[in-house]
$ cat query-v9.csv   # CSV, C-alpha atoms and all ligand atoms
chain,number,residue,atom,x,y,z
A,1,MET,CA,-6.2,-12.3,4.4
A,2,ILE,CA,-3.9,-9.3,4.3
A,3,THR,CA,-2.8,-8.0,0.9
A,4,ILE,CA,0.1,-5.6,0.8
A,5,ILE,CA,-0.2,-3.1,-2.1
A,6,SER,CA,3.1,-1.8,-3.4
A,7,SER,CA,1.5,1.4,-4.7
A,8,THR,CA,3.7,2.4,-7.6
A,9,SER,CA,4.4,1.1,-11.1
A,10,ARG,CA,8.0,2.3,-11.0
A,11,PRO,CA,10.4,-0.6,-11.7
A,12,GLY,CA,13.0,-1.1,-8.9
A,13,SER,CA,11.1,1.1,-6.5
A,14,ASN,CA,12.0,1.5,-2.8
A,15,THR,CA,8.3,1.1,-2.1
A,16,PHE,CA,8.5,-2.5,-3.4
A,17,LYS,CA,11.5,-3.2,-1.1
A,18,VAL,CA,9.5,-1.8,1.9
A,19,ALA,CA,6.5,-3.9,0.9
A,20,LYS,CA,8.7,-7.1,0.7
A,21,TYR,CA,10.0,-6.3,4.2
A,22,TYR,CA,6.5,-5.9,5.6
A,23,GLN,CA,5.5,-9.2,3.9
A,24,LYS,CA,8.4,-11.0,5.4
A,25,ARG,CA,7.8,-9.6,8.9
A,26,LEU,CA,4.1,-10.3,8.8
A,27,GLN,CA,4.7,-13.9,7.7
A,28,GLU,CA,7.2,-14.3,10.6
A,29,LYS,CA,4.4,-13.1,12.9
A,30,GLY,CA,2.2,-15.9,11.5
A,31,ALA,CA,-0.1,-13.7,9.4
A,32,GLU,CA,-1.1,-14.7,5.9
A,33,ALA,CA,0.2,-11.8,3.8
A,34,GLY,CA,0.1,-11.6,0.0
A,35,LEU,CA,1.8,-8.9,-2.1
A,36,LEU,CA,0.4,-7.1,-5.1
A,37,SER,CA,2.6,-4.7,-7.0
A,38,LEU,CA,1.2,-2.0,-9.2
A,39,THR,CA,4.0,-2.9,-11.6
A,40,ASP,CA,1.8,-5.9,-12.5
A,41,LEU,CA,-1.1,-3.8,-13.7
A,42,PRO,CA,-2.0,-4.5,-17.4
A,43,PRO,CA,-0.7,-1.7,-19.6
A,44,THR,CA,-4.1,-1.4,-21.3
A,45,LEU,CA,-5.8,-0.6,-17.9
A,46,ILE,CA,-6.9,2.9,-18.8
A,47,ALA,CA,-8.5,1.8,-22.1
A,48,THR,CA,-10.1,-1.3,-20.7
A,49,ASP,CA,-10.7,-1.6,-17.0
A,50,LEU,CA,-11.0,2.0,-15.9
A,51,TYR,CA,-14.6,2.4,-17.2
A,52,GLY,CA,-16.1,-1.1,-16.9
A,53,LYS,CA,-14.6,-3.1,-19.7
A,54,ARG,CA,-13.0,-5.7,-17.5
A,55,SER,CA,-10.0,-7.3,-19.2
A,56,ALA,CA,-8.8,-10.9,-18.8
A,57,GLU,CA,-5.5,-9.5,-17.5
A,58,PHE,CA,-7.1,-7.6,-14.6
A,59,GLU,CA,-9.5,-10.3,-13.6
A,60,PRO,CA,-7.0,-12.2,-11.3
A,61,ILE,CA,-6.1,-8.9,-9.7
A,62,GLN,CA,-9.8,-8.1,-9.0
A,63,GLN,CA,-10.1,-11.6,-7.5
A,64,ILE,CA,-7.3,-10.9,-5.1
A,65,ILE,CA,-8.9,-7.6,-4.1
A,66,THR,CA,-12.3,-9.2,-3.6
A,67,GLN,CA,-10.9,-12.0,-1.4
A,68,THR,CA,-8.9,-9.5,0.8
A,69,ASP,CA,-10.2,-8.3,4.2
A,70,LYS,CA,-7.2,-6.1,5.1
A,71,PHE,CA,-5.1,-3.9,2.8
A,72,LEU,CA,-1.7,-2.6,3.8
A,73,PHE,CA,-0.8,0.2,1.3
A,74,ILE,CA,2.9,1.2,1.0
A,75,ILE,CA,2.7,4.6,-0.7
A,76,PRO,CA,5.6,6.6,-2.1
A,77,GLU,CA,5.5,10.4,-2.2
A,78,TYR,CA,5.2,11.7,-5.8
A,79,ASN,CA,4.9,15.4,-6.2
A,80,GLY,CA,3.6,15.9,-2.7
A,81,SER,CA,1.0,13.2,-2.8
A,82,PHE,CA,0.2,9.6,-3.6
A,83,PRO,CA,1.0,8.3,-7.1
A,84,GLY,CA,-1.7,8.8,-9.8
A,85,VAL,CA,-1.4,5.1,-10.7
A,86,LEU,CA,-2.8,4.2,-7.3
A,87,LYS,CA,-5.9,6.2,-7.9
A,88,VAL,CA,-6.3,4.7,-11.4
A,89,PHE,CA,-6.0,1.3,-9.8
A,90,ILE,CA,-8.7,2.1,-7.2
A,91,ASP,CA,-10.9,3.5,-9.9
A,92,ALA,CA,-10.5,0.4,-12.0
A,93,CYS,CA,-11.6,-2.0,-9.1
A,94,ASP,CA,-15.2,-3.1,-8.8
A,95,PHE,CA,-17.2,-0.4,-6.8
A,96,PRO,CA,-18.3,-0.5,-4.0
A,97,GLU,CA,-17.6,-4.1,-3.0
A,98,SER,CA,-13.8,-4.1,-3.5
A,99,PHE,CA,-13.1,-2.0,-0.4
A,100,TYR,CA,-16.5,-1.5,1.3
A,101,GLU,CA,-16.4,-2.0,5.1
A,102,LYS,CA,-12.9,-3.5,4.9
A,103,LYS,CA,-9.7,-2.4,6.7
A,104,ALA,CA,-6.5,-0.6,5.8
A,105,ALA,CA,-3.1,0.4,7.2
A,106,LEU,CA,-1.0,3.0,5.5
A,107,VAL,CA,2.7,3.6,5.2
A,108,GLY,CA,4.3,6.6,3.5
A,109,VAL,CA,7.7,6.4,1.9
A,110,SER,CA,9.8,9.3,0.5
A,111,SER,CA,13.3,10.3,-0.4
A,112,GLY,CA,12.6,13.7,1.1
A,113,LYS,CA,12.1,14.5,4.8
A,114,TYR,CA,8.3,14.3,5.1
A,115,GLY,CA,7.6,10.6,4.5
A,116,ASN,CA,4.5,11.4,2.4
A,117,ILE,CA,2.5,12.9,5.2
A,118,ARG,CA,0.3,14.8,2.8
A,119,GLY,CA,-0.1,11.9,0.4
A,120,ILE,CA,-1.2,9.6,3.3
A,121,ASP,CA,-3.7,12.3,4.4
A,122,HIS,CA,-5.0,12.6,0.8
A,123,PHE,CA,-5.3,8.8,0.5
A,124,THR,CA,-7.0,8.5,3.9
A,125,GLY,CA,-9.8,10.8,2.4
A,126,VAL,CA,-10.2,8.4,-0.5
A,127,CYS,CA,-10.4,5.4,1.9
A,128,HIS,CA,-13.1,7.1,3.9
A,129,TYR,CA,-15.1,7.8,0.8
A,130,LEU,CA,-14.9,4.0,0.0
A,131,SER,CA,-15.9,3.1,3.6
A,132,LEU,CA,-12.5,1.5,4.0
A,133,HIS,CA,-11.6,1.8,7.6
A,134,VAL,CA,-8.1,3.2,8.2
A,135,MET,CA,-6.1,2.1,11.3
A,136,PRO,CA,-5.1,5.3,13.2
A,137,LEU,CA,-1.4,4.4,13.5
A,138,LYS,CA,0.0,5.4,10.1
A,139,LEU,CA,3.8,5.4,9.5
A,140,HIS,CA,5.9,7.8,7.5
A,141,ILE,CA,9.4,6.6,6.4
A,142,ALA,CA,11.4,9.6,5.2
A,143,ASN,CA,14.9,9.6,3.8
A,144,ILE,CA,14.3,6.1,2.5
A,145,LYS,CA,17.7,5.8,1.0
A,146,THR,CA,19.2,5.8,4.6
A,147,GLU,CA,16.6,3.3,5.9
A,148,LEU,CA,17.3,0.1,3.9
A,149,ASP,CA,20.4,-2.1,4.3
A,150,ALA,CA,22.2,-4.0,1.6
A,151,ASP,CA,19.6,-6.8,1.8
A,152,ALA,CA,16.7,-4.3,1.5
A,153,ASN,CA,15.7,-4.7,5.1
A,154,LEU,CA,14.7,-1.8,7.4
A,155,PHE,CA,17.4,-1.9,10.1
A,156,LYS,CA,17.2,1.3,12.2
A,157,GLU,CA,16.1,0.5,15.8
A,158,ASP,CA,13.2,3.0,15.9
A,159,THR,CA,12.0,2.2,12.4
A,160,VAL,CA,12.0,-1.5,13.2
A,161,LYS,CA,10.2,-0.8,16.5
A,162,PHE,CA,7.4,1.3,15.0
A,163,THR,CA,6.9,-0.9,11.9
A,164,ASP,CA,6.6,-3.9,14.2
A,165,GLU,CA,4.1,-2.1,16.4
A,166,GLN,CA,2.1,-1.1,13.3
A,167,MET,CA,2.0,-4.7,12.1
A,168,ASP,CA,1.1,-6.2,15.5
A,169,LYS,CA,-1.8,-3.7,15.7
A,170,PHE,CA,-2.9,-4.4,12.2
A,171,ILE,CA,-3.1,-8.1,12.8
A,172,LYS,CA,-5.5,-7.4,15.7
A,173,PHE,CA,-7.3,-4.5,13.9
A,201,LIG,C1,7.3,11.1,-10.1
A,201,LIG,C2,8.0,11.2,-8.8
A,201,LIG,C3,7.7,12.2,-8.0
A,201,LIG,C4,8.4,12.4,-6.8
A,201,LIG,N1,8.1,13.4,-5.9
A,201,LIG,C5,8.6,13.4,-4.7
A,201,LIG,C6,8.2,14.4,-3.7
A,201,LIG,O1,7.3,15.1,-3.9
A,201,LIG,N2,8.8,14.3,-2.5
A,201,LIG,C7,9.8,13.5,-2.1
A,201,LIG,O2,10.3,13.5,-1.0
A,201,LIG,N3,10.2,12.5,-3.0
A,201,LIG,C8,9.6,12.5,-4.3
A,201,LIG,N4,10.0,11.5,-5.2
A,201,LIG,C9,11.1,10.6,-4.8
A,201,LIG,C10,10.5,9.3,-4.1
A,201,LIG,O3,9.9,9.7,-2.9
A,201,LIG,C11,11.6,8.3,-4.0
A,201,LIG,O4,11.8,7.8,-5.3
A,201,LIG,C12,11.3,7.2,-3.0
A,201,LIG,O5,12.3,6.2,-3.2
A,201,LIG,C13,10.0,6.6,-3.0
A,201,LIG,O6,9.6,6.3,-4.4
A,201,LIG,P1,9.9,4.9,-5.1
A,201,LIG,O7,9.1,3.8,-4.3
A,201,LIG,O8,9.4,5.0,-6.5
A,201,LIG,O9,11.4,4.6,-5.0
A,201,LIG,C14,9.4,11.4,-6.4
A,201,LIG,C15,9.7,10.4,-7.3
A,201,LIG,C16,9.0,10.2,-8.5
A,201,LIG,C17,9.3,9.0,-9.4
$ encode --input "query-v9.csv" --output "structure tokens"
Amino acid sequence: MITIISSTSRPGSNTFKVAKYYQKRLQEKGAEAGLLSLTDLPPTLIATDLYGKRSAEFEPIQQIITQTDKFLFIIPEYNGSFPGVLKVFIDACDFPESFYEKKAALVGVSSGKYGNIRGIDHFTGVCHYLSLHVMPLKLHIANIKTELDADANLFKEDTVKFTDEQMDKFIKF
């Protein structure tokens, strides 16, 4: 099972729109793809789950992570890297079994022109620490406001081509 992680807790994020697009395309390709948004993290997370006091609210999220073999992280660029809430989420998950010897694909999203290249590199380091195997083809979607149409679909020919290629490779990965 693939789980797409929309890796920000910002309401109305472009990251969530890109995550929904990936989910739709993966399902059209016949893959089972769920979507977990970090907007759904319990607000008490830091006081409860971060250091081992598992909350009833986080338990279903942990179950999704445990059952997932492949993670597709859609990661916005915040202050030149990945969002802090993504690291809090990773730190709150059961270690090491949540991500150990599993697989990941990474997509960077930014309003600026770099598509979160640095944040994707930073997060790749975290994945390697966790023994979470990262697929070599990582995508960087810059200038996100010009990439989504009125229905929140990616529409530019090269973006559609490269995201499709990434999804096809991830299904086989
Ligand atoms: C806290 C914060 C920091 C940000 N820092 C950057 C940045 O360093 N570089 C950049 O290109 N965009 C930056 N942005 C803009 C985001 O890349 C932009 O909002 C984009 O739509 C992806 O984020 P979103 O999924 O929250 O919408 C930042 C946005 C926020 C909320």
$ closest_residue --input "query-v9.csv" --among "A:Glu77, A:Asp149, A:Glu32, A:Asp158" --to "ligand LIG 201 (chain A)" --atoms "all atoms listed in the file"
A:Glu77
$ closest_residue --input "query-v9.csv" --among "A:Val160, A:Leu148, A:Leu130, A:Cys93" --to "Ser111 in chain A" --atoms "all atoms listed in the file"
A:Leu148
$ residues_near_point --input "query-v9.csv" --point "(8.4, -7.2, -2.0)" --cutoff "6 Å" --atoms "only C-alpha atoms" --output "VMD selection string"
chain A and resid 16 to 17 19 to 20
$ closest_atom_pairs --input "query-v9.csv" --of "chain A" --to "ligand LIG 201 (chain A)" --cutoff "6 Å" --atoms "all atoms listed in the file" --output "JSON lines"
{"residue": "A:Arg10", "atom": "CA", "partner": "A:LIG201", "partner_atom": "O8", "distance": 5.4}
{"residue": "A:Ser13", "atom": "CA", "partner": "A:LIG201", "partner_atom": "O9", "distance": 3.8}
{"residue": "A:Asn14", "atom": "CA", "partner": "A:LIG201", "partner_atom": "O9", "distance": 3.8}
{"residue": "A:Thr15", "atom": "CA", "partner": "A:LIG201", "partner_atom": "O7", "distance": 3.6}
{"residue": "A:Pro76", "atom": "CA", "partner": "A:LIG201", "partner_atom": "C13", "distance": 4.5}
{"residue": "A:Glu77", "atom": "CA", "partner": "A:LIG201", "partner_atom": "O3", "distance": 4.5}
{"residue": "A:Tyr78", "atom": "CA", "partner": "A:LIG201", "partner_atom": "N1", "distance": 3.4}
{"residue": "A:Asn79", "atom": "CA", "partner": "A:LIG201", "partner_atom": "O1", "distance": 3.3}
{"residue": "A:Gly80", "atom": "CA", "partner": "A:LIG201", "partner_atom": "O1", "distance": 4.0}
{"residue": "A:Val109", "atom": "CA", "partner": "A:LIG201", "partner_atom": "C13", "distance": 5.4}
{"residue": "A:Ser110", "atom": "CA", "partner": "A:LIG201", "partner_atom": "O3", "distance": 3.4}
{"residue": "A:Ser111", "atom": "CA", "partner": "A:LIG201", "partner_atom": "O3", "distance": 4.3}
{"residue": "A:Gly112", "atom": "CA", "partner": "A:LIG201", "partner_atom": "O2", "distance": 3.1}
$ residues_around --input "query-v9.csv" --residues "Leu139 in chain A" --least-positions-apart "4" --cutoff "8 Å" --atoms "only C-alpha atoms" --output "MDAnalysis selection string"
chainID A and resid 106:108 162:163 166
$ residues_around --input "query-v9.csv" --residues "Thr48 in chain A" --least-positions-apart "4" --cutoff "12 Å" --atoms "all atoms listed in the file" --output "JSON, numbers by chain"
{"A": [41, 42, 43, 44, 52, 53, 54, 55, 56, 57, 58, 59, 88, 89, 91, 92, 93]}
$ closest_residue --input "query-v9.csv" --among "A:Leu45, A:Cys127, A:Ala33, A:Ile75" --to "Thr3 in chain A" --atoms "all atoms listed in the file"
A:Ala33
$ atom_distance --input "query-v9.csv" --atom1 "CA of Asp121 in chain A" --atom2 "CA of His140 in chain A"
11.0 Å
$ atom_distance --input "query-v9.csv" --atom1 "CA of Pro60 in chain A" --atom2 "CA of Leu86 in chain A"
17.4 Å
$ atom_distance --input "query-v9.csv" --atom1 "CA of Ile141 in chain A" --atom2 "CA of Leu26 in chain A"
17.9 Å
$ closest_residue --input "query-v9.csv" --among "A:Ile2, A:Ala142, A:Ala152, A:Ala105" --to "Glu165 in chain A" --atoms "all atoms listed in the file"
A:Ala105
$ closest_residue --input "query-v9.csv" --among "A:Ile144, A:Val18, A:Ser7, A:Lys169" --to "Phe73 in chain A" --atoms "all atoms listed in the file"
A:Ser7
$ closest_residue --input "query-v9.csv" --among "A:Pro11, A:Thr146, A:Ala47, A:Gln67" --to "Glu97 in chain A" --atoms "all atoms listed in the file"
A:Gln67
$ residues_around --input "query-v9.csv" --residues "Arg25 in chain A" --least-positions-apart "5" --cutoff "9 Å" --atoms "all atoms listed in the file" --output "list of chain:residue names"
A:Lys20, A:Gly30, A:Ala31, A:Asp164, A:Met167
